[in-house]
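Shown next: coords.cif, containing mmCIF, C-alpha atoms.
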```cif
data_protein
#
loop_
_atom_site.label_atom_id
_atom_site.label_comp_id
_atom_site.auth_asym_id
_atom_site.auth_seq_id
_atom_site.Cartn_x
_atom_site.Cartn_y
_atom_site.Cartn_z
CA MET X 4 -24.02 -57.54 7.48
CA THR X 5 -25.88 -54.46 6.35
CA THR X 6 -29.03 -54.31 4.23
CA ALA X 7 -29.02 -50.56 3.61
CA ARG X 8 -27.03 -49.14 0.72
CA PRO X 9 -23.49 -48.50 1.95
CA ALA X 10 -22.72 -44.83 2.47
CA ALA X 11 -20.22 -43.23 0.09
CA LEU X 12 -17.81 -41.20 2.24
CA VAL X 13 -15.05 -38.77 1.32
CA GLY X 14 -12.27 -37.74 3.69
CA ALA X 15 -12.54 -34.28 2.19
CA TYR X 16 -9.92 -32.71 4.45
CA ALA X 17 -7.08 -34.49 2.62
CA ALA X 18 -8.03 -32.82 -0.69
CA LEU X 19 -9.45 -29.56 0.65
CA PRO X 20 -8.27 -26.25 -0.86
CA SER X 21 -7.06 -23.51 1.50
CA PRO X 22 -9.30 -20.51 0.68
CA ARG X 23 -12.56 -20.64 2.62
CA ALA X 24 -14.63 -19.80 -0.47
CA ASP X 25 -13.03 -22.69 -2.38
CA GLN X 26 -13.71 -25.01 0.54
CA GLU X 27 -17.38 -24.08 0.46
CA CYS X 28 -17.46 -24.73 -3.28
CA PHE X 29 -15.69 -28.06 -2.80
CA TYR X 30 -18.24 -29.29 -0.26
CA GLU X 31 -21.14 -28.04 -2.38
CA GLU X 32 -19.86 -29.84 -5.47
CA LEU X 33 -19.10 -33.08 -3.61
CA ALA X 34 -22.82 -33.32 -2.96
CA GLY X 35 -24.03 -31.62 -6.12
CA ARG X 36 -22.10 -33.94 -8.42
CA GLY X 37 -23.22 -36.99 -6.43
CA ILE X 38 -19.63 -37.85 -5.46
CA ALA X 39 -20.35 -38.33 -1.75
CA ASP X 40 -23.26 -38.59 0.62
CA GLY X 41 -21.13 -38.51 3.74
CA LEU X 42 -17.78 -37.28 5.02
CA GLU X 43 -14.89 -38.53 7.11
CA ILE X 44 -14.36 -35.50 9.36
CA PRO X 45 -11.06 -35.05 11.24
CA PHE X 46 -11.00 -34.41 14.97
CA LEU X 47 -7.85 -32.38 15.50
CA ARG X 48 -5.76 -31.17 18.43
CA ASP X 49 -8.36 -28.42 18.89
CA GLY X 50 -11.39 -30.54 18.08
CA LEU X 51 -13.26 -30.03 14.83
CA GLY X 52 -11.03 -27.08 14.08
CA ASP X 53 -13.48 -25.12 12.01
CA ASP X 54 -16.34 -23.28 13.61
CA ILE X 55 -19.01 -25.94 14.14
CA PRO X 56 -21.85 -23.73 12.81
CA TRP X 57 -19.82 -23.24 9.60
CA LEU X 58 -19.32 -27.01 9.30
CA ALA X 59 -23.02 -27.55 10.00
CA ALA X 60 -23.89 -25.24 7.11
CA ARG X 61 -21.67 -27.33 4.80
CA THR X 62 -23.20 -30.64 5.87
CA ARG X 63 -26.88 -29.78 6.38
CA GLY X 64 -29.06 -31.34 3.68
CA ARG X 65 -25.98 -32.79 1.93
CA PHE X 66 -24.08 -35.29 4.03
CA THR X 67 -25.52 -37.89 6.39
CA ARG X 68 -24.01 -41.01 7.95
CA SER X 69 -20.66 -39.24 8.18
CA VAL X 70 -17.91 -40.35 10.55
CA ILE X 71 -15.53 -38.37 12.74
CA THR X 72 -12.01 -39.79 12.86
CA LEU X 73 -9.85 -39.24 15.93
CA ILE X 74 -6.61 -40.13 14.15
CA PRO X 75 -5.24 -36.59 13.49
CA GLY X 76 -5.65 -35.47 17.09
CA THR X 77 -4.57 -38.85 18.40
CA MET X 78 -1.29 -38.78 16.50
CA ALA X 79 -0.59 -35.19 17.58
CA ARG X 80 -0.98 -36.28 21.20
CA VAL X 81 0.99 -39.51 20.74
CA GLY X 82 3.79 -37.42 19.27
CA ALA X 83 3.72 -35.06 22.24
CA SER X 84 3.62 -37.61 25.06
CA GLY X 85 4.22 -41.10 23.71
CA THR X 86 1.68 -42.50 26.17
CA PHE X 87 -1.63 -41.11 24.85
CA GLY X 88 -4.17 -43.68 23.70
CA LEU X 89 -7.14 -45.86 24.55
CA ALA X 90 -4.75 -48.84 24.68
CA SER X 91 -2.14 -47.11 26.83
CA GLY X 92 -0.61 -48.83 29.81
CA ASP X 93 -0.08 -45.39 31.32
CA HIS X 94 -3.08 -44.33 33.43
CA ASP X 95 -2.87 -40.64 32.61
CA GLY X 96 -2.36 -41.31 28.90
CA ARG X 97 -5.39 -43.58 28.78
CA GLN X 98 -7.59 -41.18 30.74
CA ALA X 99 -6.56 -38.35 28.41
CA ALA X 100 -7.64 -40.47 25.44
CA LEU X 101 -11.00 -41.21 27.06
CA ALA X 102 -11.52 -37.48 27.62
CA PHE X 103 -10.58 -36.77 24.01
CA LEU X 104 -13.14 -39.29 22.77
CA ARG X 105 -15.80 -37.70 24.92
CA GLU X 106 -14.96 -34.29 23.44
CA ALA X 107 -15.46 -35.76 19.98
CA ARG X 108 -18.82 -37.28 20.87
CA VAL X 109 -20.01 -34.01 22.40
CA ALA X 110 -18.93 -32.18 19.23
CA ALA X 111 -20.81 -34.73 17.11
CA GLU X 112 -23.95 -34.21 19.18
CA GLU X 113 -23.63 -30.45 18.71
CA LEU X 114 -23.20 -30.82 14.96
CA ASN X 115 -26.18 -33.16 14.70
CA GLN X 116 -28.33 -30.76 16.72
CA LEU X 117 -27.31 -27.80 14.56
CA THR X 118 -28.14 -29.61 11.33
CA GLY X 119 -31.26 -31.26 12.71
CA GLU X 120 -30.08 -34.47 11.04
CA GLN X 121 -27.98 -37.54 11.75
CA SER X 122 -25.04 -35.83 10.08
CA VAL X 123 -22.49 -37.88 12.04
CA SER X 124 -23.30 -41.47 12.88
CA ALA X 125 -19.94 -42.96 13.90
CA ILE X 126 -16.61 -42.15 15.55
CA HIS X 127 -13.37 -43.84 14.43
CA ILE X 128 -11.28 -44.89 17.43
CA HIS X 129 -7.80 -46.44 17.44
CA THR X 130 -5.53 -48.71 19.44
CA ALA X 131 -2.90 -46.07 20.25
CA PRO X 132 -0.21 -45.43 21.46
CA SER X 133 2.52 -46.39 19.01
CA THR X 134 4.62 -49.50 19.79
CA THR X 135 3.42 -49.87 23.40
CA ALA X 136 -0.33 -50.47 23.01
CA VAL X 137 -1.82 -53.06 25.38
CA GLY X 138 -4.91 -54.99 24.35
CA GLU X 139 -6.18 -55.38 27.89
CA MET X 140 -6.03 -51.61 28.38
CA PHE X 141 -8.07 -51.03 25.22
CA ALA X 142 -10.67 -53.51 26.50
CA LEU X 143 -10.76 -51.63 29.81
CA SER X 144 -11.28 -48.36 27.95
CA LEU X 145 -14.16 -49.84 25.98
CA ASP X 146 -15.74 -51.09 29.22
CA GLU X 147 -15.43 -47.62 30.76
CA ILE X 148 -16.88 -46.00 27.63
CA ALA X 149 -19.86 -48.35 27.72
CA ALA X 150 -20.47 -47.51 31.39
CA SER X 151 -20.33 -43.74 30.86
CA ALA X 152 -23.35 -42.96 28.69
CA PRO X 153 -24.68 -39.40 29.09
CA ALA X 154 -27.24 -38.81 31.83
CA ASP X 155 -29.97 -37.99 29.32
CA GLY X 156 -29.62 -41.22 27.35
CA ALA X 157 -27.40 -42.88 24.76
CA TRP X 158 -25.04 -41.13 22.36
CA SER X 159 -26.32 -40.72 18.82
CA THR X 160 -22.96 -41.98 17.48
CA ARG X 161 -21.58 -45.50 17.53
CA LEU X 162 -17.92 -46.41 17.81
CA VAL X 163 -15.93 -48.04 15.01
CA LEU X 164 -12.38 -49.34 15.40
CA GLU X 165 -10.24 -48.16 12.48
CA HIS X 166 -7.34 -50.54 11.94
CA CYS X 167 -4.03 -48.81 11.31
CA ASP X 168 -0.64 -50.28 10.54
CA ALA X 169 0.43 -52.61 13.32
CA TYR X 170 3.71 -52.42 15.20
CA ALA X 171 6.40 -54.72 13.85
CA PRO X 172 10.03 -54.31 14.95
CA ASP X 173 11.37 -54.87 11.43
CA VAL X 174 8.98 -52.47 9.63
CA PRO X 175 9.28 -48.67 10.13
CA GLY X 176 5.52 -48.16 9.92
CA GLU X 177 3.58 -44.99 10.65
CA LYS X 178 0.95 -45.49 13.37
CA ARG X 179 2.31 -48.78 14.83
CA PHE X 180 -0.75 -49.76 16.87
CA LEU X 181 -2.14 -53.21 17.68
CA SER X 182 -2.34 -55.96 15.05
CA LEU X 183 -5.63 -56.91 13.46
CA GLU X 184 -5.31 -60.30 15.17
CA ASP X 185 -5.30 -58.49 18.53
CA GLU X 186 -8.07 -56.08 17.55
CA ILE X 187 -10.58 -58.67 16.29
CA PRO X 188 -11.41 -60.23 19.71
CA LEU X 189 -11.46 -56.78 21.32
CA ALA X 190 -13.98 -55.50 18.78
CA ARG X 191 -16.07 -58.66 18.96
CA ASP X 192 -16.27 -58.53 22.76
CA ALA X 193 -17.28 -54.86 22.62
CA GLY X 194 -19.82 -55.36 19.83
CA ILE X 195 -18.19 -52.87 17.46
CA GLY X 196 -17.08 -53.16 13.84
CA ILE X 197 -13.69 -52.57 12.25
CA THR X 198 -12.83 -50.35 9.30
CA VAL X 199 -9.88 -50.93 6.97
CA ASN X 200 -7.87 -48.05 5.54
CA TRP X 201 -6.27 -49.44 2.36
CA GLY X 202 -3.05 -47.45 2.60
CA ARG X 203 -2.40 -48.14 6.26
CA SER X 204 -2.91 -51.86 5.76
CA ALA X 205 -0.50 -51.83 2.80
CA ILE X 206 2.06 -49.88 4.86
CA GLU X 207 1.80 -52.43 7.66
CA ALA X 208 3.28 -55.21 5.53
CA GLN X 209 4.76 -53.07 2.76
CA ASP X 210 2.56 -55.21 0.53
CA ARG X 211 -0.42 -54.20 -1.61
CA ALA X 212 -2.02 -57.60 -0.96
CA ARG X 213 -2.47 -56.98 2.78
CA PRO X 214 -5.62 -54.75 2.54
CA LEU X 215 -7.58 -57.36 0.57
CA ALA X 216 -6.51 -60.13 2.95
CA GLN X 217 -7.65 -58.10 5.94
CA ILE X 218 -10.97 -57.25 4.33
CA GLU X 219 -11.57 -60.93 3.62
CA ARG X 220 -10.68 -61.83 7.20
CA LEU X 221 -13.07 -59.23 8.66
CA VAL X 222 -15.87 -60.37 6.36
CA SER X 223 -15.35 -63.94 7.58
CA GLU X 224 -15.48 -62.70 11.18
CA GLY X 225 -18.63 -60.62 10.55
CA LEU X 226 -16.81 -57.50 11.76
CA LEU X 227 -16.21 -55.40 8.63
CA GLU X 228 -17.71 -51.94 9.07
CA GLY X 229 -16.10 -49.95 6.27
CA VAL X 230 -13.30 -49.57 3.74
CA MET X 231 -11.54 -46.27 3.10
CA PHE X 232 -9.37 -46.09 0.00
CA SER X 233 -6.20 -44.11 0.63
CA GLY X 234 -3.14 -45.06 -1.38
CA ALA X 235 0.45 -45.86 -0.49
CA GLY X 236 3.59 -46.88 -2.34
CA PRO X 237 7.23 -47.97 -2.00
CA THR X 238 8.92 -44.92 -3.55
CA ALA X 239 9.21 -41.26 -2.66
CA ASN X 240 6.77 -39.01 -4.48
CA ARG X 241 5.37 -35.48 -4.41
CA TYR X 242 3.20 -36.33 -1.40
CA GLY X 243 5.72 -38.05 0.86
CA GLY X 244 8.41 -40.66 1.32
CA PRO X 245 8.36 -44.44 0.71
CA TRP X 246 5.53 -46.21 2.52
CA ALA X 247 4.32 -42.98 4.11
CA ASP X 248 0.69 -42.60 5.15
CA ALA X 249 0.38 -39.81 2.57
CA HIS X 250 -3.10 -40.60 1.22
CA LEU X 251 -1.94 -41.17 -2.35
CA PRO X 252 -4.56 -41.09 -5.09
CA LEU X 253 -5.05 -43.89 -7.58
CA THR X 254 -2.10 -45.14 -9.62
CA GLU X 255 -3.75 -43.46 -12.58
CA ASP X 256 -3.24 -40.06 -10.89
CA GLU X 257 0.01 -40.81 -9.03
CA PRO X 258 2.25 -43.54 -10.50
CA ALA X 259 3.96 -44.13 -7.12
CA SER X 260 0.67 -45.36 -5.68
CA LEU X 261 0.03 -49.11 -5.60
CA MET X 262 -3.72 -48.53 -5.27
CA ASP X 263 -5.13 -48.89 -8.77
CA ALA X 264 -8.69 -49.20 -10.00
CA ASP X 265 -8.53 -52.99 -10.27
CA GLU X 266 -7.36 -53.30 -6.67
CA VAL X 267 -10.20 -51.08 -5.45
CA ARG X 268 -12.68 -53.23 -7.36
CA ARG X 269 -11.21 -56.44 -5.89
CA CYS X 270 -11.55 -55.09 -2.37
CA LEU X 271 -15.12 -53.97 -2.95
CA ARG X 272 -16.08 -57.37 -4.36
CA ALA X 273 -14.59 -59.05 -1.30
CA ALA X 274 -16.53 -56.69 0.99
CA GLU X 275 -19.81 -56.83 -0.94
CA GLY X 276 -22.85 -57.00 1.32
CA ALA X 277 -20.77 -56.83 4.49
CA TYR X 278 -19.90 -53.15 5.00
CA SER X 279 -21.74 -49.99 6.03
CA TYR X 280 -19.63 -47.46 4.16
CA ALA X 281 -16.75 -47.09 1.74
CA GLY X 282 -14.97 -44.09 0.41
CA ALA X 283 -11.84 -42.18 -0.49
CA LYS X 284 -9.30 -40.09 1.39
CA ILE X 285 -6.65 -38.86 -1.02
CA GLN X 286 -4.27 -35.97 -1.44
CA VAL X 287 -4.08 -33.83 -4.57
CA PRO X 288 -1.41 -31.39 -5.80
CA GLY X 289 -1.32 -28.20 -3.74
CA ASP X 290 -1.95 -26.01 -6.77
CA ALA X 291 -4.92 -28.05 -8.03
CA THR X 292 -8.14 -26.21 -8.81
CA VAL X 293 -11.39 -27.12 -7.10
CA ASP X 294 -12.49 -28.96 -10.24
CA GLU X 295 -9.23 -30.90 -10.43
CA ARG X 296 -9.56 -31.90 -6.79
CA LEU X 297 -13.11 -33.10 -7.32
CA THR X 298 -12.05 -35.02 -10.41
CA ALA X 299 -9.27 -36.90 -8.59
CA VAL X 300 -11.58 -37.80 -5.70
CA GLY X 301 -14.24 -38.80 -8.22
CA HIS X 302 -11.87 -41.27 -9.88
CA VAL X 303 -11.94 -43.34 -6.68
CA MET X 304 -15.57 -42.73 -5.78
CA GLY X 305 -16.71 -43.65 -9.28
CA LEU X 306 -15.50 -47.20 -8.62
CA LEU X 307 -17.94 -47.67 -5.74
CA PRO X 308 -21.13 -49.59 -6.53
#
```
Serialized structure, structure tokens:
Amino acid sequence: MTTARPAALVGAYAALPSPRADQECFYEELAGRGIADGLEIPFLRDGLGDDIPWLAARTRGRFTRSVITLIPGTMARVGASGTFGLASGDHDGRQAALAFLREARVAAEELNQLTGEQSVSAIHIHTAPSTTAVGEMFALSLDEIAASAPADGAWSTRLVLEHCDAYAPDVPGEKRFLSLEDEIPLARDAGIGITVNWGRSAIEAQDRARPLAQIERLVSEGLLEGVMFSGAGPTANRYGGPWADAHLPLTEDEPASLMDADEVRRCLRAAEGAYSYAGAKIQVPGDATVDERLTAVGHVMGLLP
């Protein structure tokens, strides 16, 4: 349980405009309008993607307690090899995932040093690969991570396990990693928390009730770290197909989304006092203006306490 005010995070990359000048305006206004005080930053196939000094300039003095998520780069690698992941039964695939995590932590240290602040405080890790993840291999990876602290001391970032949709033979799914039931003892043994992504939990069961049930379970286990609100729905829409991990906005902005304001409020009430951060990661129409993008993100963030 946390006593500090939970951080308000935005996965800005899902709603980011393409022109660099508009991106700079978007980041500036996220902070200036009080929409977010932290970011969920993607770690891609080529790392942070953008020039780290440029990213440092966007975050310095604006965003602290941010997280880096490994999911974009992880899925690119899973797609390429099928064996990449911290829970892989393939030795080379697991070692590649450990190396990828280390790259992310080194990048986080560099970003924090450039800003002179604790800009990034956590790294989202995952129980990849799809369909073949092995719990014992994930535990081994966590043991090896714990034994490989840098020579000059501990990392400035902690690890958080982000739950994604679990593999089930009768559900198409998206990520198809380990179940929450399998992840809970792994996280408890390693002393790390678990974050729920609303959309991925809904996709797992093709049921909008699943995210709330998982939040309640993690609160009861004392393991809830965060909640990220990213919508999903059963019908094709302008962002993707049925039950795709397409980061749908609220129902109010995209009728195909099952994530409405009341559901967000229910989840936050269930999590109250037990989480470190909550936030939004949503898509917006490709032709949306910067202001329209900020408004859509703000519709979710305005529901946070």
Query raised in the report: Skipping near chain neighbours, those fewer than 4 positions away, what residues fall within 9 Å of Ala99 (chain X) using only C-alpha atoms, listed as a ChimeraX atom specification?
Result: /X:87-89,94-95,103-104
**Report entry** Answer as a PyMOL selection string, residues within 12 Å of (-9.6, -59.9, 4.2) using only C-alpha atoms
**Finding:** chain X and resi 183-184+197-199+201+204+212-227+230+269-275+277
Report task. To one decimal in Å, tell me the separation between CA of Arg211 (chain X) and CA of Leu306 (chain X). Result ->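 Separation of CA of Arg211 (chain X) and CA of Leu306 (chain X): 18.0 Å.
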Requested in this report: Would you work out the distance separating CA of Thr118 (chain X) from CA of Ala24 (chain X), expressed in Å to one decimal?
Outcome: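 Going from CA of Thr118 (chain X) over to CA of Ala24 (chain X) covers 20.4 Å.
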Query raised in the report: Which value, in Å to one decimal, gives the distance between CA of Ala281 (chain X) and CA of Asn200 (chain X)?
Result: 9.7 Å
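Counting all atoms listed in the file, the residue from X:Ala100, X:Arg61, X:Ala15, X:Phe29 that sits nearest to Arg48 (chain X) is X:Ala100.
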Query - X:Glu43, X:Thr77, X:Val293, X:Pro153 ranked by distance to Arg23 (chain X), top pick (using only C-alpha atoms) - result: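 Distance minimum relative to Arg23 (chain X) lands on X:Val293.
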Query raised in the report: If the PyMOL selection byres ((chain X and resi 66) around 7) is run on the structure shown, which residues does it catch, given as a list in words?
Result: Asp40, Gly41, Leu42, Thr62, Arg63, Gly64, Arg65, Thr67, Arg68, Ser69 and Ser122 of chain X
For Glu147 (chain X): contacts at 12 Å, only C-alpha atoms, fewer than 2 positions along chain excluded, given as a PDB file with C-alpha atoms, keeping the file's coordinate frame:
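Written out: part_2.pdb:
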```pdb
ATOM      1  CA  LEU X  89      -7.140 -45.860  24.550  1.00  0.00           C
ATOM      2  CA  ARG X  97      -5.390 -43.580  28.780  1.00  0.00           C
ATOM      3  CA  GLN X  98      -7.590 -41.180  30.740  1.00  0.00           C
ATOM      4  CA  ALA X 100      -7.640 -40.470  25.440  1.00  0.00           C
ATOM      5  CA  LEU X 101     -11.000 -41.210  27.060  1.00  0.00           C
ATOM      6  CA  ALA X 102     -11.520 -37.480  27.620  1.00  0.00           C
ATOM      7  CA  LEU X 104     -13.140 -39.290  22.770  1.00  0.00           C
ATOM      8  CA  ARG X 105     -15.800 -37.700  24.920  1.00  0.00           C
ATOM      9  CA  MET X 140      -6.030 -51.610  28.380  1.00  0.00           C
ATOM     10  CA  PHE X 141      -8.070 -51.030  25.220  1.00  0.00           C
ATOM     11  CA  ALA X 142     -10.670 -53.510  26.500  1.00  0.00           C
ATOM     12  CA  LEU X 143     -10.760 -51.630  29.810  1.00  0.00           C
ATOM     13  CA  SER X 144     -11.280 -48.360  27.950  1.00  0.00           C
ATOM     14  CA  LEU X 145     -14.160 -49.840  25.980  1.00  0.00           C
ATOM     15  CA  ALA X 149     -19.860 -48.350  27.720  1.00  0.00           C
ATOM     16  CA  ALA X 150     -20.470 -47.510  31.390  1.00  0.00           C
ATOM     17  CA  SER X 151     -20.330 -43.740  30.860  1.00  0.00           C
ATOM     18  CA  ALA X 152     -23.350 -42.960  28.690  1.00  0.00           C
ATOM     19  CA  ALA X 193     -17.280 -54.860  22.620  1.00  0.00           C
TER      20      ALA X 193
END
```
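The neighbours of region 232-249 of chain X here are the residues that come within 8 Å of it, using all atoms listed in the file and leaving out any residue fewer than 2 positions away in the same chain; they are Gly176, Glu177, Asn200, Trp201, Gly202, Arg203, Ala205, Ile206, Gln209, Val230, Leu251, Pro252, Leu253, Ala259, Ser260, Leu261, Met262, Val267, Ala281, Gly282, Ala283, Lys284, Ile285, Gln286 and Val303 of chain X.
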Report task. Just the residues within 12 Å of Ile44 (chain X), please, counting all atoms listed in the file, with nothing from its chain fewer than 4 positions along; format it as an MDAnalysis selection string. Result -> chainID X and resid 12:17 19 50:53 55 58:59 61:62 66:76 107 110:111 114 122:127 284
Generate the output file for the selected residues, C-alpha atoms, as a tab-separated table (two decimals), keeping the file's coordinate frame.
```tsv
chain	number	residue	atom	x	y	z
X	12	LEU	CA	-17.81	-41.20	2.24
X	13	VAL	CA	-15.05	-38.77	1.32
X	14	GLY	CA	-12.27	-37.74	3.69
X	15	ALA	CA	-12.54	-34.28	2.19
X	16	TYR	CA	-9.92	-32.71	4.45
X	17	ALA	CA	-7.08	-34.49	2.62
X	19	LEU	CA	-9.45	-29.56	0.65
X	50	GLY	CA	-11.39	-30.54	18.08
X	51	LEU	CA	-13.26	-30.03	14.83
X	52	GLY	CA	-11.03	-27.08	14.08
X	53	ASP	CA	-13.48	-25.12	12.01
X	55	ILE	CA	-19.01	-25.94	14.14
X	58	LEU	CA	-19.32	-27.01	9.30
X	59	ALA	CA	-23.02	-27.55	10.00
X	61	ARG	CA	-21.67	-27.33	4.80
X	62	THR	CA	-23.20	-30.64	5.87
X	66	PHE	CA	-24.08	-35.29	4.03
X	67	THR	CA	-25.52	-37.89	6.39
X	68	ARG	CA	-24.01	-41.01	7.95
X	69	SER	CA	-20.66	-39.24	8.18
X	70	VAL	CA	-17.91	-40.35	10.55
X	71	ILE	CA	-15.53	-38.37	12.74
X	72	THR	CA	-12.01	-39.79	12.86
X	73	LEU	CA	-9.85	-39.24	15.93
X	74	ILE	CA	-6.61	-40.13	14.15
X	75	PRO	CA	-5.24	-36.59	13.49
X	76	GLY	CA	-5.65	-35.47	17.09
X	107	ALA	CA	-15.46	-35.76	19.98
X	110	ALA	CA	-18.93	-32.18	19.23
X	111	ALA	CA	-20.81	-34.73	17.11
X	114	LEU	CA	-23.20	-30.82	14.96
X	122	SER	CA	-25.04	-35.83	10.08
X	123	VAL	CA	-22.49	-37.88	12.04
X	124	SER	CA	-23.30	-41.47	12.88
X	125	ALA	CA	-19.94	-42.96	13.90
X	126	ILE	CA	-16.61	-42.15	15.55
X	127	HIS	CA	-13.37	-43.84	14.43
X	284	LYS	CA	-9.30	-40.09	1.39
```
